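So this one's entry_10.pdb, PDB, C-alpha atoms:
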ATOM      1  CA  MET A   1     -18.642 134.689   4.772  1.00  0.00           C
ATOM      2  CA  PHE A   2     -21.018 133.308   7.408  1.00  0.00           C
ATOM      3  CA  ALA A   3     -20.180 129.748   6.361  1.00  0.00           C
ATOM      4  CA  ASN A   4     -16.533 130.470   7.260  1.00  0.00           C
ATOM      5  CA  LYS A   5     -17.248 132.258  10.541  1.00  0.00           C
ATOM      6  CA  ALA A   6     -15.242 129.779  12.625  1.00  0.00           C
ATOM      7  CA  ARG A   7     -12.304 130.050  10.234  1.00  0.00           C
ATOM      8  CA  LEU A   8     -12.446 133.853  10.373  1.00  0.00           C
ATOM      9  CA  VAL A   9     -12.091 133.730  14.140  1.00  0.00           C
ATOM     10  CA  GLY A  10      -9.765 130.745  14.508  1.00  0.00           C
ATOM     11  CA  GLN A  11      -7.296 131.018  11.658  1.00  0.00           C
ATOM     12  CA  ARG A  12      -4.673 133.745  11.737  1.00  0.00           C
ATOM     13  CA  GLY A  13      -4.718 136.089   8.758  1.00  0.00           C
ATOM     14  CA  VAL A  14      -8.150 135.171   7.427  1.00  0.00           C
ATOM     15  CA  ALA A  15     -10.031 138.028   9.056  1.00  0.00           C
ATOM     16  CA  SER A  16      -7.506 140.664   7.966  1.00  0.00           C
ATOM     17  CA  VAL A  17      -7.517 139.455   4.352  1.00  0.00           C
ATOM     18  CA  SER A  18     -11.318 139.461   4.414  1.00  0.00           C
ATOM     19  CA  VAL A  19     -11.403 143.038   5.710  1.00  0.00           C
ATOM     20  CA  VAL A  20      -8.877 144.204   3.099  1.00  0.00           C
ATOM     21  CA  ARG A  21     -10.741 142.389   0.335  1.00  0.00           C
ATOM     22  CA  THR A  22     -14.024 144.008   1.385  1.00  0.00           C
ATOM     23  CA  GLY A  23     -12.340 147.427   1.355  1.00  0.00           C
ATOM     24  CA  VAL A  24     -10.891 146.833  -2.111  1.00  0.00           C
ATOM     25  CA  LEU A  25     -14.302 145.636  -3.321  1.00  0.00           C
ATOM     26  CA  LEU A  26     -15.965 148.800  -2.035  1.00  0.00           C
ATOM     27  CA  ALA A  27     -13.220 150.926  -3.624  1.00  0.00           C
ATOM     28  CA  ALA A  28     -13.679 149.135  -6.963  1.00  0.00           C
ATOM     29  CA  LEU A  29     -17.448 149.609  -6.848  1.00  0.00           C
ATOM     30  CA  GLY A  30     -17.012 153.270  -5.920  1.00  0.00           C
ATOM     31  CA  ALA A  31     -14.484 153.863  -8.708  1.00  0.00           C
ATOM     32  CA  THR A  32     -16.793 152.178 -11.208  1.00  0.00           C
ATOM     33  CA  ALA A  33     -19.777 154.266 -10.120  1.00  0.00           C
ATOM     34  CA  TYR A  34     -17.701 157.458 -10.178  1.00  0.00           C
ATOM     35  CA  SER A  35     -16.415 156.543 -13.635  1.00  0.00           C
ATOM     36  CA  ARG A  36     -19.992 156.363 -14.869  1.00  0.00           C
ATOM     37  CA  ILE A  37     -20.812 159.764 -13.358  1.00  0.00           C
ATOM     38  CA  VAL A  38     -17.739 161.361 -14.928  1.00  0.00           C
ATOM     39  CA  GLY A  39     -18.426 159.652 -18.248  1.00  0.00           C
ATOM     40  CA  GLN A  40     -21.919 161.135 -18.246  1.00  0.00           C
ATOM     41  CA  ARG A  41     -20.351 164.595 -17.977  1.00  0.00           C
ATOM     42  CA  VAL A  42     -18.341 163.933 -21.125  1.00  0.00           C
ATOM     43  CA  ILE A  43     -21.184 162.491 -23.201  1.00  0.00           C
ATOM     44  CA  ALA A  44     -23.595 165.222 -22.047  1.00  0.00           C
ATOM     45  CA  ASN A  45     -21.604 167.606 -24.269  1.00  0.00           C
ATOM     46  CA  PRO A  46     -21.474 165.827 -27.645  1.00  0.00           C
ATOM     47  CA  SER A  47     -20.611 168.997 -29.551  1.00  0.00           C
ATOM     48  CA  GLU A  48     -17.406 169.564 -27.560  1.00  0.00           C
ATOM     49  CA  PRO A  49     -14.206 169.155 -29.615  1.00  0.00           C
ATOM     50  CA  VAL A  50     -12.294 166.176 -28.218  1.00  0.00           C
ATOM     51  CA  SER A  51      -9.505 163.975 -29.471  1.00  0.00           C
ATOM     52  CA  ASP A  52     -11.083 160.852 -27.967  1.00  0.00           C
ATOM     53  CA  GLY A  53     -13.054 159.881 -24.853  1.00  0.00           C
ATOM     54  CA  THR A  54     -10.200 160.666 -22.495  1.00  0.00           C
ATOM     55  CA  THR A  55      -8.142 163.251 -24.391  1.00  0.00           C
ATOM     56  CA  PRO A  56      -9.313 166.863 -24.620  1.00  0.00           C
ATOM     57  CA  THR A  57      -8.190 169.291 -27.276  1.00  0.00           C
ATOM     58  CA  ALA A  58      -7.145 172.895 -26.705  1.00  0.00           C
ATOM     59  CA  ASP A  59     -10.719 173.971 -27.552  1.00  0.00           C
ATOM     60  CA  THR A  60     -12.471 171.582 -25.148  1.00  0.00           C
ATOM     61  CA  ASP A  61     -14.513 173.202 -22.381  1.00  0.00           C
ATOM     62  CA  PRO A  62     -12.478 173.129 -19.127  1.00  0.00           C
ATOM     63  CA  ALA A  63     -15.171 171.173 -17.233  1.00  0.00           C
ATOM     64  CA  VAL A  64     -15.305 168.510 -19.952  1.00  0.00           C
ATOM     65  CA  ALA A  65     -11.496 168.437 -20.162  1.00  0.00           C
ATOM     66  CA  LYS A  66     -11.314 167.857 -16.403  1.00  0.00           C
ATOM     67  CA  ALA A  67     -13.811 164.992 -16.695  1.00  0.00           C
ATOM     68  CA  GLN A  68     -11.749 163.488 -19.515  1.00  0.00           C
ATOM     69  CA  ARG A  69      -8.568 163.625 -17.424  1.00  0.00           C
ATOM     70  CA  GLN A  70     -10.432 161.902 -14.584  1.00  0.00           C
ATOM     71  CA  LEU A  71     -11.620 159.204 -16.978  1.00  0.00           C
ATOM     72  CA  ASP A  72      -8.060 158.765 -18.196  1.00  0.00           C
ATOM     73  CA  LEU A  73      -7.016 157.927 -14.627  1.00  0.00           C
ATOM     74  CA  LEU A  74     -10.088 155.836 -13.836  1.00  0.00           C
ATOM     75  CA  GLN A  75      -9.551 153.627 -16.878  1.00  0.00           C
ATOM     76  CA  TRP A  76      -6.475 152.315 -15.039  1.00  0.00           C
ATOM     77  CA  VAL A  77      -7.790 152.409 -11.470  1.00  0.00           C
ATOM     78  CA  VAL A  78     -10.794 150.138 -12.058  1.00  0.00           C
ATOM     79  CA  PRO A  79      -8.805 147.264 -13.650  1.00  0.00           C
ATOM     80  CA  ALA A  80      -6.054 147.636 -11.032  1.00  0.00           C
ATOM     81  CA  LEU A  81      -8.547 147.262  -8.202  1.00  0.00           C
ATOM     82  CA  THR A  82     -10.101 144.290 -10.011  1.00  0.00           C
ATOM     83  CA  GLY A  83      -6.653 142.699 -10.251  1.00  0.00           C
ATOM     84  CA  VAL A  84      -6.094 143.188  -6.530  1.00  0.00           C
ATOM     85  CA  MET A  85      -9.464 141.503  -5.928  1.00  0.00           C
ATOM     86  CA  LEU A  86      -8.318 138.503  -7.995  1.00  0.00           C
ATOM     87  CA  ILE A  87      -5.085 138.251  -6.027  1.00  0.00           C
ATOM     88  CA  LEU A  88      -6.899 138.440  -2.696  1.00  0.00           C
ATOM     89  CA  SER A  89      -9.418 135.827  -3.869  1.00  0.00           C
ATOM     90  CA  ALA A  90      -6.559 133.503  -4.773  1.00  0.00           C
ATOM     91  CA  LEU A  91      -4.975 134.112  -1.370  1.00  0.00           C
ATOM     92  CA  GLN A  92      -8.235 133.284   0.359  1.00  0.00           C
ATOM     93  CA  GLY A  93      -8.505 130.125  -1.727  1.00  0.00           C
ATOM     94  CA  GLU A  94      -5.064 129.080  -0.515  1.00  0.00           C
ATOM     95  CA  GLN A  95      -6.071 129.835   3.067  1.00  0.00           C
ATOM     96  CA  GLN A  96      -8.904 127.319   2.737  1.00  0.00           C
ATOM     97  CA  ARG A  97      -6.598 124.394   2.021  1.00  0.00           C
ATOM     98  CA  PRO A  98      -6.780 121.888   4.876  1.00  0.00           C
ATOM     99  CA  THR A  99      -3.075 122.226   5.717  1.00  0.00           C
ATOM    100  CA  SER A 100      -3.352 126.029   5.836  1.00  0.00           C
ATOM    101  CA  VAL A 101      -6.441 125.846   8.024  1.00  0.00           C
ATOM    102  CA  ALA A 102      -4.786 123.414  10.431  1.00  0.00           C
ATOM    103  CA  ARG A 103      -1.560 125.439  10.579  1.00  0.00           C
ATOM    104  CA  GLY A 104      -3.483 128.706  11.080  1.00  0.00           C
ATOM    105  CA  VAL A 105      -5.615 127.308  13.882  1.00  0.00           C
ATOM    106  CA  VAL A 106      -2.599 125.788  15.638  1.00  0.00           C
ATOM    107  CA  ASP A 107      -0.639 129.050  15.324  1.00  0.00           C
ATOM    108  CA  CYS A 108      -3.594 130.958  16.749  1.00  0.00           C
ATOM    109  CA  ILE A 109      -3.908 128.558  19.705  1.00  0.00           C
ATOM    110  CA  VAL A 110      -0.192 128.434  20.412  1.00  0.00           C
ATOM    111  CA  GLY A 111       0.092 132.198  20.022  1.00  0.00           C
ATOM    112  CA  ASN A 112       2.811 132.375  17.345  1.00  0.00           C
TER     113      ASN A 112
END
Take the structure in the file and write it out as structure tokens.
Amino acid sequence: MFANKARLVGQRGVASVSVVRTGVLLAALGATAYSRIVGQRVIANPSEPVSDGTTPTADTDPAVAKAQRQLDLLQWVVPALTGVMLILSALQGEQQRPTSVARGVVDCIVGN
């Protein structure tokens, strides 16, 4: 990021994409960490009757069942956030093309 400091300031759109990408990165890291915490709740009760790691049965303890439902959601959230990170990385790669840099700097100077 520090190597592109001038581009962050001078090229329109670069700073906002960088801020959004940082936010998505933090969300992905948080979701991953939370997924581990919730997963520990499920595996801490190995004798609980479950259908699979994310599907409780009627006999599953309510706390474990809640953790399983959370894991069911998180198994989709983490890859979705990772996909958004890939898209934003590709966008930033396109913003580094010389023509994009030149156009962004000119637009910023002209005020368009």
For the provided coordinates, the residues matched by the PyMOL selection byres ((chain A and resi 25) around 12) should be stated as a ChimeraX atom specification. /A:17-24,26-32,78-86,88-89
Contacts of A:Pro49 at 9 Å (all atoms listed in the file; same-chain gap of 6+ positions) as a VMD selection string: chain A and resid 56 to 61
For A:Ala67, work out the shell of residues within 7 Å, counting only C-alpha atoms and skipping chain neighbours fewer than 5 positions away, then give it as a PyMOL selection string. chain A and resi 38+41-42
Going by the chain IDs and residue numbers used in this file, which residues fall under the PyMOL selection byres ((chain A and resi 52) around 12)? Write them as a list in words. Val42, Ile43, Pro46, Glu48, Pro49, Val50, Ser51, Gly53, Thr54, Thr55, Pro56, Thr57, Thr60, Val64, Ala65, Gln68, Arg69, Leu71 and Asp72 of chain A
In Å to one decimal, how far is atom CA of A:Leu74 from atom CA of A:Ala15?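 Computed distance, atom CA of A:Ala15 to atom CA of A:Leu74, equals 29.0 Å.
Computed from the coordinates, the atom CA of A:Lys66 to atom CA of A:Ala33 distance equals 17.2 Å.
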Measure the distance from atom CA of A:Gln92 to atom CA of A:Val14 in Å and round it to one decimal.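 Pair atom CA of A:Gln92 / atom CA of A:Val14 returns 7.3 Å.
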Please fill the gaps in stretch 16-48 of chain A so it has N, CA and C atoms, and write that as a compact mmCIF listing (two decimals), keeping the file's coordinate frame.
# COMPACT_ATOMS: atom_id res chain seq x y z
N SER A 16 -8.12 139.46 8.54
CA SER A 16 -7.51 140.66 7.97
C SER A 16 -7.59 140.67 6.45
N VAL A 17 -7.39 139.53 5.82
CA VAL A 17 -7.52 139.46 4.35
C VAL A 17 -8.96 139.73 3.95
N SER A 18 -9.91 139.23 4.72
CA SER A 18 -11.32 139.46 4.41
C SER A 18 -11.68 140.94 4.52
N VAL A 19 -11.14 141.61 5.54
CA VAL A 19 -11.40 143.04 5.71
C VAL A 19 -10.78 143.83 4.56
N VAL A 20 -9.55 143.50 4.20
CA VAL A 20 -8.88 144.20 3.10
C VAL A 20 -9.62 143.96 1.79
N ARG A 21 -10.03 142.72 1.57
CA ARG A 21 -10.74 142.39 0.34
C ARG A 21 -12.07 143.14 0.26
N THR A 22 -12.77 143.26 1.37
CA THR A 22 -14.02 144.01 1.38
C THR A 22 -13.76 145.48 1.07
N GLY A 23 -12.70 146.04 1.64
CA GLY A 23 -12.34 147.43 1.36
C GLY A 23 -12.01 147.65 -0.11
N VAL A 24 -11.25 146.72 -0.69
CA VAL A 24 -10.89 146.83 -2.11
C VAL A 24 -12.14 146.70 -2.97
N LEU A 25 -13.05 145.80 -2.58
CA LEU A 25 -14.30 145.64 -3.32
C LEU A 25 -15.10 146.94 -3.30
N LEU A 26 -15.23 147.54 -2.14
CA LEU A 26 -15.96 148.80 -2.04
C LEU A 26 -15.28 149.90 -2.85
N ALA A 27 -13.95 149.93 -2.83
CA ALA A 27 -13.22 150.93 -3.62
C ALA A 27 -13.46 150.70 -5.12
N ALA A 28 -13.45 149.45 -5.55
CA ALA A 28 -13.68 149.14 -6.96
C ALA A 28 -15.10 149.53 -7.38
N LEU A 29 -16.07 149.23 -6.54
CA LEU A 29 -17.45 149.61 -6.85
C LEU A 29 -17.60 151.13 -6.89
N GLY A 30 -16.96 151.81 -5.94
CA GLY A 30 -17.01 153.27 -5.92
C GLY A 30 -16.35 153.88 -7.14
N ALA A 31 -15.19 153.35 -7.53
CA ALA A 31 -14.48 153.86 -8.71
C ALA A 31 -15.30 153.62 -9.97
N THR A 32 -15.96 152.48 -10.04
CA THR A 32 -16.79 152.18 -11.21
C THR A 32 -17.98 153.13 -11.28
N ALA A 33 -18.63 153.35 -10.15
CA ALA A 33 -19.78 154.27 -10.12
C ALA A 33 -19.34 155.68 -10.46
N TYR A 34 -18.21 156.11 -9.90
CA TYR A 34 -17.70 157.46 -10.18
C TYR A 34 -17.32 157.59 -11.65
N SER A 35 -16.77 156.54 -12.22
CA SER A 35 -16.42 156.54 -13.64
C SER A 35 -17.65 156.77 -14.50
N ARG A 36 -18.75 156.16 -14.12
CA ARG A 36 -19.99 156.36 -14.87
C ARG A 36 -20.45 157.81 -14.76
N ILE A 37 -20.39 158.37 -13.56
CA ILE A 37 -20.81 159.76 -13.36
C ILE A 37 -19.96 160.71 -14.20
N VAL A 38 -18.65 160.50 -14.17
CA VAL A 38 -17.74 161.36 -14.93
C VAL A 38 -17.96 161.16 -16.43
N GLY A 39 -18.17 159.93 -16.84
CA GLY A 39 -18.43 159.65 -18.25
C GLY A 39 -19.68 160.35 -18.75
N GLN A 40 -20.69 160.43 -17.88
CA GLN A 40 -21.92 161.14 -18.25
C GLN A 40 -21.65 162.62 -18.49
N ARG A 41 -20.70 163.18 -17.76
CA ARG A 41 -20.35 164.60 -17.98
C ARG A 41 -19.75 164.80 -19.37
N VAL A 42 -18.98 163.82 -19.80
CA VAL A 42 -18.34 163.93 -21.12
C VAL A 42 -19.38 163.76 -22.23
N ILE A 43 -20.23 162.74 -22.11
CA ILE A 43 -21.18 162.49 -23.20
C ILE A 43 -22.36 163.46 -23.18
N ALA A 44 -22.53 164.22 -22.10
CA ALA A 44 -23.60 165.22 -22.05
C ALA A 44 -23.28 166.41 -22.95
N ASN A 45 -22.04 166.50 -23.40
CA ASN A 45 -21.60 167.61 -24.27
C ASN A 45 -21.07 167.05 -25.59
N PRO A 46 -21.95 166.47 -26.42
CA PRO A 46 -21.47 165.83 -27.64
C PRO A 46 -20.87 166.78 -28.67
N SER A 47 -21.15 168.06 -28.56
CA SER A 47 -20.61 169.00 -29.55
C SER A 47 -19.22 169.52 -29.17
N GLU A 48 -18.74 169.12 -28.00
CA GLU A 48 -17.41 169.56 -27.56
C GLU A 48 -16.32 168.94 -28.44
